[in-house]
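*Asks:* Here it is, the structure in full.
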Amino acid sequence: MSGSGLVDRVGTGHLAVVFTSQRTPGDDGYAQTADEMVRLAATMPGFLGMESARGDDGLGITVAYWKDEASIAAWKAQADHQAAQRAGRERWYRAYRVRVCRVEREYGFDR
């Protein structure tokens, strides 16, 4: 990641998993688990980086960049991640959407 909190160049052809969510009120262990999932994802083969933001209204968007479909499948199947997904459906999210996209172009600006 760059000093701006943005992922450095990912490279075309790689994949982005866009997780858009609306939180339920309260924390109920969410922050700790979210931090653990970021650390865990960073250890997974094929992980290229992550960017995340959440508004005061509970709407959040996290984009995780991956080398390929196999890397995404391994992350989705990872046991601790599956437990966090279950907890998310049971406690932390009112709604969410997952979209998988291919990076076709990238460019940016840093001051």
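The way I read the labels, and the way they are meant: chains A, B, ... in the order of the structure tokens, residue 1 as the first residue of every chain, and ligand 1 as the first ligand shown, with later ones counted on from there.
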Leu15 of chain A: which residues within 12 Å, counting only C-alpha atoms, same-chain residues fewer than 6 positions away excluded, as a PyMOL selection string?

*Replies:* chain A and resi 46-50+63-73+99-105

*Asks:* Would you export the selected residues with N, CA and C atoms as a compact mmCIF listing (two decimals), in the first residue's frame, please?

*Replies:*
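New file result23.txt:
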# COMPACT_ATOMS: atom_id res chain seq x y z
N GLY A 46 -1.71 -15.26 -3.48
CA GLY A 46 -2.46 -14.55 -4.50
C GLY A 46 -3.08 -13.25 -4.04
N PHE A 47 -3.01 -12.94 -2.74
CA PHE A 47 -3.56 -11.68 -2.23
C PHE A 47 -2.66 -10.53 -2.67
N LEU A 48 -3.25 -9.48 -3.25
CA LEU A 48 -2.48 -8.35 -3.76
C LEU A 48 -2.69 -7.06 -2.96
N GLY A 49 -3.73 -7.00 -2.15
CA GLY A 49 -3.97 -5.80 -1.35
C GLY A 49 -5.46 -5.57 -1.13
N MET A 50 -5.75 -4.58 -0.28
CA MET A 50 -7.14 -4.31 0.09
C MET A 50 -7.32 -2.82 0.40
N VAL A 63 -12.61 -3.47 -1.14
CA VAL A 63 -12.15 -4.06 -2.39
C VAL A 63 -10.87 -4.83 -2.09
N ALA A 64 -10.91 -6.13 -2.33
CA ALA A 64 -9.73 -6.98 -2.16
C ALA A 64 -9.26 -7.40 -3.54
N TYR A 65 -7.97 -7.26 -3.78
CA TYR A 65 -7.38 -7.58 -5.08
C TYR A 65 -6.67 -8.93 -4.99
N TRP A 66 -6.91 -9.77 -6.01
CA TRP A 66 -6.38 -11.13 -6.02
C TRP A 66 -5.75 -11.43 -7.37
N LYS A 67 -4.79 -12.34 -7.35
CA LYS A 67 -4.07 -12.73 -8.57
C LYS A 67 -4.98 -13.45 -9.55
N ASP A 68 -5.86 -14.36 -9.03
CA ASP A 68 -6.65 -15.20 -9.93
C ASP A 68 -7.86 -15.79 -9.20
N GLU A 69 -8.69 -16.50 -9.94
CA GLU A 69 -9.89 -17.12 -9.38
C GLU A 69 -9.55 -18.16 -8.31
N ALA A 70 -8.45 -18.90 -8.50
CA ALA A 70 -8.07 -19.91 -7.52
C ALA A 70 -7.74 -19.26 -6.18
N SER A 71 -7.11 -18.11 -6.20
CA SER A 71 -6.80 -17.38 -4.96
C SER A 71 -8.07 -16.94 -4.25
N ILE A 72 -9.04 -16.46 -5.02
CA ILE A 72 -10.33 -16.05 -4.44
C ILE A 72 -11.05 -17.26 -3.85
N ALA A 73 -11.04 -18.37 -4.55
CA ALA A 73 -11.70 -19.59 -4.06
C ALA A 73 -11.06 -20.07 -2.76
N ARG A 99 -19.22 -8.65 -5.51
CA ARG A 99 -19.05 -8.59 -6.96
C ARG A 99 -17.58 -8.88 -7.29
N VAL A 100 -17.35 -9.71 -8.28
CA VAL A 100 -15.99 -10.03 -8.70
C VAL A 100 -15.77 -9.40 -10.07
N CYS A 101 -14.71 -8.61 -10.17
CA CYS A 101 -14.44 -7.82 -11.38
C CYS A 101 -12.99 -8.05 -11.81
N ARG A 102 -12.75 -7.91 -13.11
CA ARG A 102 -11.39 -7.97 -13.64
C ARG A 102 -10.86 -6.55 -13.83
N VAL A 103 -9.62 -6.33 -13.42
CA VAL A 103 -8.98 -5.02 -13.61
C VAL A 103 -8.58 -4.91 -15.08
N GLU A 104 -9.23 -4.02 -15.79
CA GLU A 104 -8.94 -3.81 -17.22
C GLU A 104 -7.95 -2.67 -17.45
N ARG A 105 -8.01 -1.66 -16.59
CA ARG A 105 -7.12 -0.51 -16.66
C ARG A 105 -6.89 -0.02 -15.25

*Asks:* Do you have the atom CA of Glu106 of chain A-atom CA of Val17 of chain A distance handy?

*Replies:* 15.5 Å

*Asks:* Point out the residue among A:Val38, A:Val18, A:Val10, A:Ala31 with the least atom-to-atom distance to Asp80 of chain A, counting only C-alpha atoms.

*Replies:*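 For Asp80 of chain A, the nearest of the given residues is A:Val38.
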
*Asks:* Pick the closest to Ala74 of chain A from A:Val98, A:Asp28, A:Thr62, A:Met44: which is it, counting only C-alpha atoms?

*Replies:*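 That would be A:Met44, the residue with the smallest distance to Ala74 of chain A.
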
*Asks:* Can you check which residues of chain A DSSP gives as strand (DSSP E or B) on the backbone and send them as a PyMOL selection string?

*Replies:* chain A and resi 15-23+47-54+59-66+93-102

*Asks:* For the structure I just gave you, how does DSSP split chain A - specifically, which residues are helix (DSSP H, G or I)? Reply as a ChimeraX atom specification.

*Replies:* /A:30-42,69-77,79-92

*Asks:* Determine the nearest neighbour of Ala34 of chain A from the options A:Gln78, A:Ser52, A:Thr12, A:Gln22, counting only C-alpha atoms.

*Replies:*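 Checking each of A:Gln78, A:Ser52, A:Thr12, A:Gln22 against Ala34 of chain A, counting only C-alpha atoms, the winner is A:Ser52.
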
*Asks:* Quick one: everything within 12 Å of Ala87 of chain A, counting only C-alpha atoms, minus sequence neighbours fewer than 2 positions away in the same chain. Send it as a ChimeraX atom specification.

*Replies:* /A:24,27-30,33-34,80-85,89-94

*Asks:* Rank A:Gly58, A:Asp110, A:Glu51, A:Gly26 by their smallest atom-to-atom distance to Val7 of chain A, using only C-alpha atoms, and report the top residue only.

*Replies:* A:Glu51

*Asks:* So the first atom is atom CA of Arg111 of chain A and the second is atom CA of Gly5 of chain A; what is the distance between them in Å, to one decimal place?

*Replies:*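 We find that atom CA of Arg111 of chain A and atom CA of Gly5 of chain A lie 12.9 Å from each other.
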
*Asks:* Distance atom CA of Lys76 of chain A-atom CA of Gly108 of chain A, one decimal place?

*Replies:*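 One can read the atom CA of Lys76 of chain A to atom CA of Gly108 of chain A distance as 29.1 Å.
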
*Asks:* Find, counting only C-alpha atoms, the residue in A:Tyr96, A:Ala79, A:Phe109, A:Leu6 that gets nearest to Met37 of chain A.

*Replies:*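 Among the listed residues, the smallest separation from Met37 of chain A belongs to A:Ala79.
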
*Asks:* Which residues are near Gly60 of chain A? Cut-off 10 Å, only C-alpha atoms, ignore same chain within fewer than 3 positions. Put them as an MDAnalysis selection string.

*Replies:* chainID A and resid 19:23 52:57 96
